[in-house]
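J.: Structure file entry39.cif, mmCIF, C-alpha atoms (C1' of nucleotides), is pasted below:
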```cif
data_structure
#
loop_
_atom_site.label_atom_id
_atom_site.label_comp_id
_atom_site.auth_asym_id
_atom_site.auth_seq_id
_atom_site.Cartn_x
_atom_site.Cartn_y
_atom_site.Cartn_z
CA MET A 1 35.89 21.87 -106.00
CA ASN A 2 38.28 19.38 -104.50
CA THR A 3 38.36 15.90 -106.05
CA SER A 4 40.65 14.34 -103.45
CA PRO A 5 37.85 12.79 -101.33
CA PHE A 6 36.63 11.17 -104.54
CA LEU A 7 40.06 9.74 -105.44
CA LYS A 8 40.52 8.58 -101.87
CA TYR A 9 37.14 6.82 -102.08
CA ILE A 10 38.10 5.12 -105.37
CA ASN A 11 41.42 3.99 -103.97
CA LYS A 12 39.69 2.20 -101.10
CA TYR A 13 38.46 -0.28 -103.72
CA VAL A 14 41.11 -0.28 -106.48
CA ASN A 15 44.61 1.13 -106.86
CA LEU A 16 44.88 3.43 -109.84
CA THR A 17 48.17 4.44 -111.45
CA PRO A 18 48.78 8.21 -111.82
CA GLU A 19 47.97 7.87 -115.55
CA GLU A 20 44.71 6.12 -114.79
CA GLU A 21 43.80 8.81 -112.27
CA THR A 22 44.44 11.49 -114.88
CA LEU A 23 42.32 9.65 -117.42
CA LEU A 24 39.54 9.18 -114.90
CA LEU A 25 39.54 12.87 -113.96
CA SER A 26 39.43 13.84 -117.64
CA LYS A 27 36.11 12.01 -117.99
CA ILE A 28 34.23 13.40 -115.04
CA VAL A 29 32.38 16.67 -114.62
CA LEU A 30 32.29 18.55 -111.33
CA ARG A 31 28.97 20.20 -110.83
CA ARG A 32 27.14 22.24 -108.20
CA TYR A 33 23.40 22.06 -107.65
CA LEU A 34 21.41 24.39 -105.43
CA LYS A 35 19.01 23.23 -102.74
CA ASN A 36 15.74 21.95 -104.28
CA GLN A 37 17.23 21.50 -107.78
CA TYR A 38 16.58 18.19 -109.50
CA ILE A 39 19.45 15.96 -110.66
CA VAL A 40 17.01 13.50 -112.23
CA GLN A 41 13.30 13.84 -112.96
CA GLN A 42 10.85 10.94 -113.17
CA ASN A 43 10.25 10.00 -116.85
CA ASP A 44 13.42 11.72 -118.08
CA VAL A 45 16.38 9.52 -118.96
CA CYS A 46 18.96 9.67 -116.18
CA ARG A 47 22.12 10.93 -117.84
CA SER A 48 24.58 10.66 -114.96
CA ALA A 49 25.94 8.55 -112.15
CA ASN A 50 26.79 10.95 -109.33
CA TYR A 51 29.27 10.75 -106.48
CA ILE A 52 28.47 13.30 -103.76
CA LEU A 53 31.38 15.51 -102.63
CA SER A 54 29.14 17.54 -100.31
CA GLY A 55 25.44 18.02 -99.72
CA CYS A 56 22.46 15.71 -99.55
CA THR A 57 19.85 14.32 -101.95
CA LYS A 58 16.61 12.38 -101.77
CA THR A 59 15.52 9.81 -104.32
CA PHE A 60 11.75 9.55 -104.49
CA TYR A 61 8.84 8.24 -106.49
CA VAL A 62 5.56 10.06 -107.06
CA ASP A 63 2.70 7.55 -107.33
CA SER A 64 -0.50 7.80 -109.38
CA GLU A 65 -2.24 9.56 -106.47
CA GLY A 66 0.49 12.19 -106.37
CA GLN A 67 1.99 10.80 -103.18
CA GLU A 68 5.77 10.97 -102.68
CA HIS A 69 7.66 7.89 -101.54
CA VAL A 70 11.28 8.37 -100.49
CA VAL A 71 13.47 5.49 -101.71
CA MET A 72 16.74 6.71 -100.23
CA PHE A 73 18.74 9.62 -98.95
CA SER A 74 22.34 10.12 -100.10
CA ILE A 75 25.04 12.20 -98.48
CA GLU A 76 28.78 12.89 -98.91
CA ASP A 77 30.92 9.98 -99.96
CA TRP A 78 28.05 8.06 -101.48
CA TRP A 79 26.31 7.77 -104.86
CA THR A 80 23.03 8.97 -106.21
CA SER A 81 21.27 8.28 -109.49
CA ASP A 82 18.30 6.44 -110.92
CA LEU A 83 20.44 3.39 -111.61
CA GLY A 84 17.75 1.53 -113.54
CA SER A 85 17.30 4.45 -115.91
CA PHE A 86 21.03 5.11 -116.14
CA ILE A 87 22.11 1.57 -117.05
CA THR A 88 19.35 1.09 -119.61
CA GLN A 89 19.12 4.74 -120.73
CA THR A 90 15.34 4.58 -120.50
CA PRO A 91 12.90 6.91 -118.64
CA ALA A 92 13.48 7.19 -114.90
CA ASP A 93 11.12 5.82 -112.26
CA PHE A 94 12.50 8.15 -109.65
CA ASN A 95 13.32 11.78 -109.00
CA VAL A 96 16.60 12.79 -107.40
CA GLN A 97 16.42 16.20 -105.73
CA CYS A 98 18.95 18.14 -103.66
CA LEU A 99 17.97 18.77 -100.05
CA GLU A 100 21.00 21.05 -99.60
CA ASN A 101 23.42 22.78 -101.95
CA THR A 102 25.27 19.82 -103.37
CA GLN A 103 28.61 19.23 -105.13
CA LEU A 104 28.84 16.21 -107.39
CA VAL A 105 31.30 14.21 -109.43
CA GLN A 106 29.28 13.26 -112.50
CA PHE A 107 29.84 10.43 -114.96
CA THR A 108 27.86 10.43 -118.19
CA TYR A 109 26.74 7.06 -119.48
CA GLU A 110 29.08 7.29 -122.49
CA ASN A 111 32.11 8.35 -120.44
CA LEU A 112 31.57 5.59 -117.92
CA GLU A 113 31.26 2.99 -120.67
CA GLU A 114 34.53 4.26 -122.16
CA LEU A 115 36.19 4.20 -118.76
CA TYR A 116 35.15 0.58 -118.20
CA VAL A 117 37.06 -0.28 -121.40
CA GLU A 118 40.06 1.94 -120.74
CA ILE A 119 40.40 1.06 -117.04
CA PRO A 120 38.91 -2.42 -116.57
CA LYS A 121 39.61 -2.18 -112.85
CA LEU A 122 36.64 0.18 -112.67
CA GLU A 123 34.35 -2.73 -113.52
CA ARG A 124 35.53 -4.28 -110.27
CA LEU A 125 35.01 -1.02 -108.38
CA PHE A 126 31.44 -0.60 -109.52
CA ARG A 127 30.69 -4.30 -109.14
CA LYS A 128 31.66 -4.07 -105.50
CA ILE A 129 29.80 -0.83 -104.88
CA ILE A 130 26.61 -2.24 -106.34
CA GLU A 131 26.99 -5.57 -104.54
CA ARG A 132 26.95 -3.66 -101.27
CA ALA A 133 24.02 -1.52 -102.33
CA PHE A 134 22.05 -4.61 -103.32
CA VAL A 135 22.75 -6.33 -100.00
CA ALA A 136 21.60 -3.23 -98.11
CA SER A 137 18.44 -3.09 -100.20
CA GLN A 138 17.56 -6.74 -99.49
CA LYS A 139 18.10 -6.20 -95.78
CA ARG A 140 15.80 -3.21 -95.89
CA ILE A 141 13.03 -5.28 -97.47
CA ILE A 142 13.30 -7.74 -94.61
CA ARG A 143 13.33 -5.02 -91.97
CA ASN A 144 10.21 -3.50 -93.51
CA PHE A 145 8.40 -6.83 -93.11
CA SER A 146 9.77 -8.10 -89.82
CA LEU A 147 9.96 -4.92 -87.75
CA ASP A 148 7.29 -2.42 -86.76
CA ALA A 149 7.56 1.30 -87.49
CA LYS A 150 9.10 2.20 -84.13
CA GLU A 151 11.86 -0.38 -84.51
CA ARG A 152 12.53 0.74 -88.08
CA TYR A 153 12.81 4.35 -86.94
CA GLN A 154 15.27 3.45 -84.17
CA ILE A 155 17.43 1.50 -86.60
CA PHE A 156 17.31 4.36 -89.08
CA LYS A 157 18.39 6.85 -86.44
CA SER A 158 21.33 4.80 -85.27
CA ALA A 159 22.41 3.83 -88.81
CA TYR A 160 22.08 7.36 -90.25
CA PRO A 161 22.33 9.80 -87.32
CA LYS A 162 23.59 12.53 -89.64
CA ILE A 163 20.67 12.20 -92.03
CA ASP A 164 18.08 12.22 -89.24
CA GLN A 165 19.23 15.71 -88.25
CA ARG A 166 19.57 17.18 -91.73
CA VAL A 167 16.31 16.13 -93.29
CA PRO A 168 12.67 17.17 -92.62
CA GLN A 169 10.79 14.66 -90.51
CA TYR A 170 8.02 14.14 -93.06
CA MET A 171 10.60 12.82 -95.53
CA ILE A 172 11.96 10.43 -92.92
CA ALA A 173 8.40 9.23 -92.33
CA SER A 174 8.06 8.61 -96.06
CA TYR A 175 11.37 6.70 -96.12
CA LEU A 176 10.10 4.56 -93.24
CA GLY A 177 6.81 3.94 -95.06
CA ILE A 178 4.62 5.72 -92.49
CA THR A 179 2.82 9.06 -92.22
CA LYS A 180 4.38 12.12 -90.59
CA GLU A 181 1.62 12.00 -87.96
CA PHE A 182 2.54 8.48 -86.95
CA LEU A 183 6.26 9.30 -86.83
CA SER A 184 5.37 12.18 -84.55
CA LYS A 185 3.50 9.77 -82.28
CA ILE A 186 6.45 7.33 -82.24
CA LYS A 187 8.83 10.11 -81.28
CA SER A 188 6.66 11.27 -78.41
CA GLN A 189 6.37 7.64 -77.23
CA LEU A 190 10.15 7.31 -77.28
CA ILE A 191 10.52 10.51 -75.24
CA HIS A 192 7.96 9.46 -72.61
CA GLU A 193 9.31 5.91 -72.38
CA GLN A 194 12.38 6.98 -70.45
CA MET B 1 23.94 -32.31 -116.13
CA ASN B 2 23.98 -30.04 -119.13
CA THR B 3 25.92 -26.78 -118.84
CA SER B 4 24.79 -25.36 -122.17
CA PRO B 5 21.95 -23.20 -120.74
CA PHE B 6 24.53 -21.75 -118.40
CA LEU B 7 26.99 -20.91 -121.19
CA LYS B 8 24.18 -19.48 -123.25
CA TYR B 9 23.20 -17.30 -120.31
CA ILE B 10 26.79 -16.07 -119.87
CA ASN B 11 27.08 -15.29 -123.57
CA LYS B 12 24.05 -13.02 -123.42
CA TYR B 13 26.25 -10.64 -121.40
CA VAL B 14 29.84 -11.29 -122.57
CA ASN B 15 31.45 -13.20 -125.42
CA LEU B 16 33.88 -15.80 -124.16
CA THR B 17 36.58 -17.43 -126.31
CA PRO B 18 36.61 -21.25 -126.35
CA GLU B 19 39.64 -21.15 -124.04
CA GLU B 20 37.84 -18.89 -121.60
CA GLU B 21 34.82 -21.19 -121.64
CA THR B 22 37.03 -24.14 -120.84
CA LEU B 23 38.69 -22.26 -118.00
CA LEU B 24 35.31 -21.15 -116.66
CA LEU B 25 33.93 -24.70 -116.74
CA SER B 26 37.04 -26.00 -114.95
CA LYS B 27 36.25 -23.73 -111.99
CA ILE B 28 32.60 -24.54 -111.47
CA VAL B 29 30.97 -27.46 -109.69
CA LEU B 30 27.73 -29.01 -110.89
CA ARG B 31 25.63 -30.10 -107.99
CA ARG B 32 22.22 -31.62 -107.29
CA TYR B 33 20.18 -30.83 -104.20
CA LEU B 34 17.02 -32.63 -103.17
CA LYS B 35 13.78 -30.90 -102.31
CA ASN B 36 13.98 -29.33 -98.82
CA GLN B 37 17.79 -29.39 -98.67
CA TYR B 38 19.55 -26.20 -97.63
CA ILE B 39 22.09 -24.53 -99.89
CA VAL B 40 22.84 -21.90 -97.25
CA GLN B 41 21.89 -21.76 -93.58
CA GLN B 42 21.46 -18.57 -91.58
CA ASN B 43 24.64 -17.90 -89.50
CA ASP B 44 26.83 -20.16 -91.65
CA VAL B 45 29.19 -18.51 -94.11
CA CYS B 46 27.75 -18.78 -97.62
CA ARG B 47 30.39 -20.62 -99.64
CA SER B 48 28.88 -20.46 -103.10
CA ALA B 49 27.24 -18.31 -105.75
CA ASN B 50 24.72 -20.53 -107.51
CA TYR B 51 23.24 -20.44 -110.99
CA ILE B 52 20.10 -22.57 -111.22
CA LEU B 53 19.99 -25.07 -114.11
CA SER B 54 16.69 -26.53 -112.93
CA GLY B 55 14.52 -26.42 -109.84
CA CYS B 56 13.45 -23.70 -107.44
CA THR B 57 14.70 -22.17 -104.19
CA LYS B 58 13.46 -19.77 -101.55
CA THR B 59 15.67 -17.32 -99.68
CA PHE B 60 14.27 -16.53 -96.26
CA TYR B 61 15.05 -15.00 -92.91
CA VAL B 62 13.91 -16.37 -89.55
CA ASP B 63 13.32 -13.51 -87.11
CA SER B 64 13.78 -13.48 -83.33
CA GLU B 65 10.17 -14.71 -82.86
CA GLY B 66 10.85 -17.68 -85.13
CA GLN B 67 8.83 -16.24 -87.99
CA GLU B 68 9.93 -16.91 -91.55
CA HIS B 69 10.15 -14.02 -94.04
CA VAL B 70 10.67 -14.93 -97.69
CA VAL B 71 13.10 -12.52 -99.38
CA MET B 72 12.97 -14.07 -102.84
CA PHE B 73 12.24 -17.10 -104.93
CA SER B 74 14.70 -18.22 -107.61
CA ILE B 75 14.09 -20.53 -110.57
CA GLU B 76 15.93 -21.79 -113.65
CA ASP B 77 18.21 -19.32 -115.38
CA TRP B 78 18.64 -17.15 -112.32
CA TRP B 79 20.98 -16.91 -109.30
CA THR B 80 20.62 -17.76 -105.66
CA SER B 81 22.94 -17.12 -102.74
CA ASP B 82 23.24 -15.00 -99.62
CA LEU B 83 25.20 -12.40 -101.52
CA GLY B 84 26.05 -10.34 -98.44
CA SER B 85 27.57 -13.37 -96.73
CA PHE B 86 29.26 -14.58 -99.91
CA ILE B 87 31.04 -11.35 -100.81
CA THR B 88 32.23 -10.70 -97.26
CA GLN B 89 32.61 -14.36 -96.24
CA THR B 90 30.83 -13.63 -92.96
CA PRO B 91 27.80 -15.39 -91.39
CA ALA B 92 24.67 -15.42 -93.50
CA ASP B 93 21.51 -13.48 -92.65
CA PHE B 94 19.41 -15.75 -94.82
CA ASN B 95 18.63 -19.38 -95.52
CA VAL B 96 18.45 -20.70 -99.05
CA GLN B 97 16.38 -23.88 -99.31
CA CYS B 98 15.32 -25.96 -102.29
CA LEU B 99 11.58 -26.13 -102.93
CA GLU B 100 12.12 -28.79 -105.63
CA ASN B 101 14.98 -31.04 -106.63
CA THR B 102 17.46 -28.51 -107.93
CA GLN B 103 20.52 -28.56 -110.22
CA LEU B 104 23.09 -25.83 -109.71
CA VAL B 105 26.23 -24.40 -111.21
CA GLN B 106 28.27 -23.46 -108.15
CA PHE B 107 31.12 -20.98 -107.81
CA THR B 108 33.16 -20.98 -104.64
CA TYR B 109 34.35 -17.63 -103.39
CA GLU B 110 38.00 -18.50 -104.15
CA ASN B 111 37.28 -19.77 -107.66
CA LEU B 112 35.19 -16.76 -108.53
CA GLU B 113 37.91 -14.39 -107.29
CA GLU B 114 40.43 -16.26 -109.45
CA LEU B 115 38.11 -16.13 -112.43
CA TYR B 116 37.69 -12.37 -112.06
CA VAL B 117 41.48 -12.09 -112.45
CA GLU B 118 41.82 -14.66 -115.23
CA ILE B 119 38.77 -13.49 -117.22
CA PRO B 120 38.25 -9.81 -116.42
CA LYS B 121 35.17 -9.79 -118.64
CA LEU B 122 33.42 -11.67 -115.85
CA GLU B 123 33.65 -8.56 -113.68
CA ARG B 124 31.46 -6.91 -116.30
CA LEU B 125 29.08 -9.87 -116.37
CA PHE B 126 28.52 -9.85 -112.63
CA ARG B 127 28.41 -6.07 -112.46
CA LYS B 128 25.54 -6.10 -114.91
CA ILE B 129 23.72 -8.95 -113.21
CA ILE B 130 23.89 -7.24 -109.85
CA GLU B 131 22.92 -3.86 -111.28
CA ARG B 132 19.70 -5.43 -112.49
CA ALA B 133 19.09 -7.21 -109.21
CA PHE B 134 19.61 -3.98 -107.30
CA VAL B 135 17.19 -2.09 -109.53
CA ALA B 136 14.55 -4.79 -109.03
CA SER B 137 15.08 -4.67 -105.28
CA GLN B 138 14.59 -0.88 -105.14
CA LYS B 139 11.42 -1.14 -107.19
CA ARG B 140 10.12 -3.77 -104.81
CA ILE B 141 10.66 -1.48 -101.81
CA ILE B 142 8.58 1.18 -103.53
CA ARG B 143 5.84 -1.27 -104.45
CA ASN B 144 5.67 -2.45 -100.87
CA PHE B 145 5.05 1.11 -99.71
CA SER B 146 2.86 2.47 -102.48
CA LEU B 147 0.60 -0.49 -103.26
CA ASP B 148 -1.77 -2.47 -101.08
CA ALA B 149 -1.54 -6.24 -100.65
CA LYS B 150 -4.03 -7.07 -103.41
CA GLU B 151 -2.18 -4.96 -105.96
CA ARG B 152 1.16 -6.49 -104.89
CA TYR B 153 -0.27 -9.97 -105.30
CA GLN B 154 -1.58 -9.21 -108.80
CA ILE B 155 1.79 -7.81 -109.87
CA PHE B 156 3.54 -10.85 -108.39
CA LYS B 157 1.26 -13.21 -110.29
CA SER B 158 1.75 -11.51 -113.62
CA ALA B 159 5.50 -11.01 -113.14
CA TYR B 160 6.14 -14.58 -111.91
CA PRO B 161 3.30 -16.78 -113.17
CA LYS B 162 5.52 -19.84 -113.03
CA ILE B 163 6.47 -19.31 -109.41
CA ASP B 164 2.87 -18.71 -108.30
CA GLN B 165 1.95 -22.21 -109.43
CA ARG B 166 5.02 -24.02 -108.10
CA VAL B 167 5.20 -22.66 -104.60
CA PRO B 168 2.94 -23.10 -101.53
CA GLN B 169 0.62 -20.14 -100.98
CA TYR B 170 1.82 -19.48 -97.45
CA MET B 171 5.29 -18.78 -98.81
CA ILE B 172 3.89 -16.37 -101.37
CA ALA B 173 2.02 -14.62 -98.55
CA SER B 174 5.31 -14.30 -96.69
CA TYR B 175 7.03 -12.91 -99.80
CA LEU B 176 4.23 -10.34 -100.11
CA GLY B 177 4.57 -9.43 -96.44
CA ILE B 178 1.10 -10.63 -95.41
CA THR B 179 -0.39 -13.63 -93.59
CA LYS B 180 -1.62 -16.73 -95.42
CA GLU B 181 -5.13 -15.98 -94.10
CA PHE B 182 -5.16 -12.55 -95.69
CA LEU B 183 -3.81 -13.88 -98.99
CA SER B 184 -6.65 -16.40 -98.92
CA LYS B 185 -9.13 -13.55 -98.45
CA ILE B 186 -7.59 -11.57 -101.33
CA LYS B 187 -7.83 -14.58 -103.63
CA SER B 188 -11.50 -15.16 -102.84
CA GLN B 189 -12.16 -11.44 -103.43
CA LEU B 190 -10.47 -11.66 -106.82
CA ILE B 191 -12.59 -14.68 -107.74
CA HIS B 192 -15.87 -13.06 -106.68
CA GLU B 193 -15.02 -9.74 -108.32
CA GLN B 194 -15.64 -11.03 -111.82
"C1'" DA C 1 -8.80 -48.06 -93.74
"C1'" DA C 2 -7.74 -45.21 -90.07
"C1'" DA C 3 -4.74 -41.77 -88.30
"C1'" DT C 4 -1.65 -38.07 -88.61
"C1'" DG C 5 -0.29 -33.93 -90.38
"C1'" DA C 6 0.67 -30.20 -93.75
"C1'" DA C 7 -1.69 -26.65 -96.63
"C1'" DG C 8 -5.50 -23.89 -97.29
"C1'" DT C 9 -10.10 -21.49 -96.10
"C1'" DT C 10 -13.47 -18.81 -93.45
"C1'" DA C 11 -14.98 -15.75 -90.03
"C1'" DA C 12 -14.93 -12.98 -85.59
"C1'" DA C 13 -12.30 -10.03 -82.75
"C1'" DC C 14 -8.47 -7.10 -82.60
"C1'" DT C 15 -4.47 -3.58 -83.57
"C1'" DA C 16 -0.86 -0.94 -86.04
"C1'" DG C 17 -0.96 2.59 -88.60
"C1'" DA C 18 -3.89 5.89 -91.86
"C1'" DT C 19 -6.96 9.70 -92.30
"C1'" DT C 20 -8.91 13.87 -91.07
"C1'" DA C 21 -8.84 17.97 -88.83
"C1'" DA C 22 -7.55 21.48 -85.56
"C1'" DC C 23 -3.72 23.63 -83.57
"C1'" DT C 24 1.38 25.39 -82.85
"C1'" DT C 25 5.66 27.22 -84.19
"C1'" DG C 26 8.94 29.26 -87.03
"C1'" DT C 27 10.04 31.42 -91.54
"C1'" DT C 28 9.26 33.99 -95.64
"C1'" DT C 29 7.04 37.48 -98.10
"C1'" DA C 30 4.12 41.68 -98.82
"C1'" DT D 1 3.90 43.82 -88.77
"C1'" DA D 2 0.75 41.10 -90.54
"C1'" DA D 3 -0.24 37.55 -93.52
"C1'" DA D 4 0.77 33.47 -95.67
"C1'" DC D 5 2.90 29.22 -95.60
"C1'" DA D 6 5.66 25.07 -94.59
"C1'" DA D 7 6.78 21.76 -90.87
"C1'" DG D 8 5.40 19.53 -86.98
"C1'" DT D 9 2.09 17.93 -83.13
"C1'" DT D 10 -2.06 15.98 -80.98
"C1'" DA D 11 -6.23 13.55 -80.85
"C1'" DA D 12 -10.53 11.24 -82.66
"C1'" DT D 13 -12.10 8.16 -85.97
"C1'" DC D 14 -11.40 4.69 -89.28
"C1'" DT D 15 -9.38 0.57 -91.99
"C1'" DA D 16 -6.07 -2.75 -93.99
"C1'" DG D 17 -4.26 -6.43 -92.40
"C1'" DT D 18 -3.30 -9.63 -87.97
"C1'" DT D 19 -4.60 -12.97 -84.64
"C1'" DT D 20 -7.02 -16.73 -83.10
"C1'" DA D 21 -9.60 -20.57 -83.82
"C1'" DA D 22 -12.47 -23.91 -86.10
"C1'" DC D 23 -12.98 -26.35 -90.23
"C1'" DT D 24 -11.75 -28.67 -94.96
"C1'" DT D 25 -8.77 -31.17 -98.22
"C1'" DC D 26 -5.49 -33.95 -99.52
"C1'" DA D 27 -1.23 -36.57 -99.11
"C1'" DT D 28 1.57 -39.74 -96.14
"C1'" DT D 29 2.24 -43.11 -92.82
"C1'" DT D 30 0.86 -47.23 -90.22
#
```
Mind turning the file's structure into C-alpha cells?
T.:
Amino acid sequence: MNTSPFLKYINKYVNLTPEEETLLLSKIVLRRYLKNQYIVQQNDVCRSANYILSGCTKTFYVDSEGQEHVVMFSIEDWWTSDLGSFITQTPADFNVQCLENTQLVQFTYENLEELYVEIPKLERLFRKIIERAFVASQKRIIRNFSLDAKERYQIFKSAYPKIDQRVPQYMIASYLGITKEFLSKIKSQLIHEQ
Amino acid sequence: MNTSPFLKYINKYVNLTPEEETLLLSKIVLRRYLKNQYIVQQNDVCRSANYILSGCTKTFYVDSEGQEHVVMFSIEDWWTSDLGSFITQTPADFNVQCLENTQLVQFTYENLEELYVEIPKLERLFRKIIERAFVASQKRIIRNFSLDAKERYQIFKSAYPKIDQRVPQYMIASYLGITKEFLSKIKSQLIHEQ
DNA sequence: AAATGAAGTTAAACTAGATTAACTTGTTTA
DNA sequence: TAAACAAGTTAATCTAGTTTAACTTCATTT
C-alpha cells in the first residue's frame, strides 16, 4: 500500500520534517478490509482513527426498532471513525462498515496520543480537520430543517457525485432521512420535470 | 467582570503556567452585550470566538423565505461563534444574538492564531473542545432522523433544563425543527398524559 | 386605563413523506 | 435453469407535522 497520498494530505495542513514523517509512519498501521467488513461495531470501543487510502465506508446507527440510519459516507482522502467513542474510549454509538474493499491508514488511540506529544504540530492538523467536520455537520442540521427532501437530494448529488454512483440508493435515502420509496419518487419527478 | 470561571474552564483541559495565564489574559477582550444585540450577523465575517461568562445566546439562520432556524443555544461556560466564518474569515452563514444581557471573553482571529503559536497547548484545548462539539452535532443529526418531535423535545428538556426555562418556546420549536403550534400541542399532550 | 403588540394556545384543513404491498430487474446460489 | 434474494419502482392509503386563523395572556407604551 502506498502512503504518499496520506503524506500529501498531511502536508496540506502542516509541514513535517523528514524525521517527523518517519516517526509518524512508524506509528501507523496500513490495513485492508474487504467489502462488508466492519471497522467499528456499535457498543464496541472504537480503537482507531482511520484515513481512507481507497474504498468507501458508511457510518450508521441502528435504532431500538432495528432501523438503520446512515450518519455519513466516507471515501478516499477522508477520515472515518466513531469519533465520540475514539476520543473517550467508551462504547461506540455507530457502526462503520466498508461498502467496497477499503485500504486504511490506522491510528490507535495510544499512538495518536503519543504523536500529539512528539509532534505537537499534529494537534493543529487534527484541530483544523475537526473544525471543518464540525462546520459541515452544523450546516447539515440546518439543511435538514430548512430544505425539503428533493432539495436535500439535489445538494447531496452535486456535493458528492462520486458517492451517489457508488452507493446503493436505499443507503442514500437513509442518509437523507427519507425512505427508499420516497427517494424513488423524487428521482422519477426529477426525470419527468425536464 | 471576573475571568476566574474562564481560567478554571481552561484548566480543566490544560494546565497553564502563571506566565501563560498572563499572556492569555493579555490577548482576550472582556465585553458586555445587551439583550437582543448581535454578536455576529449573517453575511458579515465573524471576528471573534466567544466564551460566555454569563448570559445566553442563540445561533440561527434566516432562510430565503425569511424563516428563522435555530442552530443552537449557548449559555454560561460554553462557546458561541459562527465557527465556519471565524476559521475561514469569510461571510457568516449564521447570526448570533443575545437572548439576555451577556458577558463574553472574546478572542479575535489574529490573537487566537498568535496564542496557538505562543502557547501550543491551546491547540490541544481547542482540538478537544471542537471534538466534543462535533460529536454532539453528529448525535443530534441522528436524533433528528430517528426520533419523533415529542421524543426530541423530552430529550432537549432533560439535557438542557436551564435553557428550556430561559428561552421563548417558539425558539425551542425552531431548534427542534417544528412549528410553535406543534410544540404547543406536544406540551399539552405531555400534561394530559399523566 | 386603553391600546398595541409579542408570545402562546387551540382547532380545522391540508401536505410532505411514511407505510404497506405488489411488481420488476439483476445477481447469486443450488 | 430455476429458485432465492437483494435492490429498486410504483401506487394506494395513512399520519406526523404544517398552515391558517381565531383567540388568550401578559407586558409595554401612550
J.: Just give me the gap between atom CA of Asn43 of chain A and atom CA of Asp93 of chain A in Å, one decimal is fine.
T.: 6.3 Å
J.: What are the nearest atom pairs, with distances in Å to one decimal, for all residues of chain B that come at most 10 Å from chain D, using only C-alpha atoms (C1' of nucleotides), set out by chain and rising residue number as CSV?
T.:
```
residue,atom,partner,partner_atom,distance
B:Asp148,CA,D:DA16,C1',8.3
B:Ala149,CA,D:DG17,C1',8.7
B:Ile178,CA,D:DG17,C1',7.4
B:Thr179,CA,D:DT18,C1',7.5
B:Glu181,CA,D:DT18,C1',9.0
B:Phe182,CA,D:DG17,C1',7.0
B:Leu183,CA,D:DG17,C1',10.0
```
J.: Quick one: apply the PyMOL selection byres ((chain C) within 10 of (chain B)) to the file and drop the selected residues here as a PyMOL selection string.
T.: chain C and resi 7-10
J.: Write out as a tab-separated table a residue-level contact list of chain A versus chain B with cut-off 6 Å: for each qualifying residue the closest pair of atoms and the distance in Å to one decimal, counting only C-alpha atoms, rows sorted by chain and residue number upward.
T.:
```
residue	atom	partner	partner_atom	distance
A:Gly84	CA	B:Val135	CA	5.4
A:Glu123	CA	B:Arg124	CA	5.8
A:Arg124	CA	B:Glu123	CA	5.8
A:Arg127	CA	B:Arg127	CA	4.4
A:Phe134	CA	B:Phe134	CA	4.7
A:Val135	CA	B:Gly84	CA	5.4
A:Phe145	CA	B:Gly177	CA	5.7
A:Gly177	CA	B:Phe145	CA	5.7
```
J.: Please indicate the distance in Å from atom CA of Glu100 of chain B to atom CA of Arg32 of chain B, rounded to one decimal place.
T.: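 If I compute the distance from atom CA of Glu100 of chain B to atom CA of Arg32 of chain B, I get 10.6 Å.
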J.: What does the structure give for the distance between atom CA of Ser81 of chain A and atom CA of Leu34 of chain A, in Å to one decimal?
T.: 16.6 Å
J.: For this structure, which residues satisfy the selection - the PyMOL selection byres ((chain B and resi 6-14) around 12) - when it is evaluated on the file as given? I want them as a ChimeraX atom specification.
T.: /B:1-5,15-18,20-22,24-25,28,30,50-54,76-79,103-106,119-129
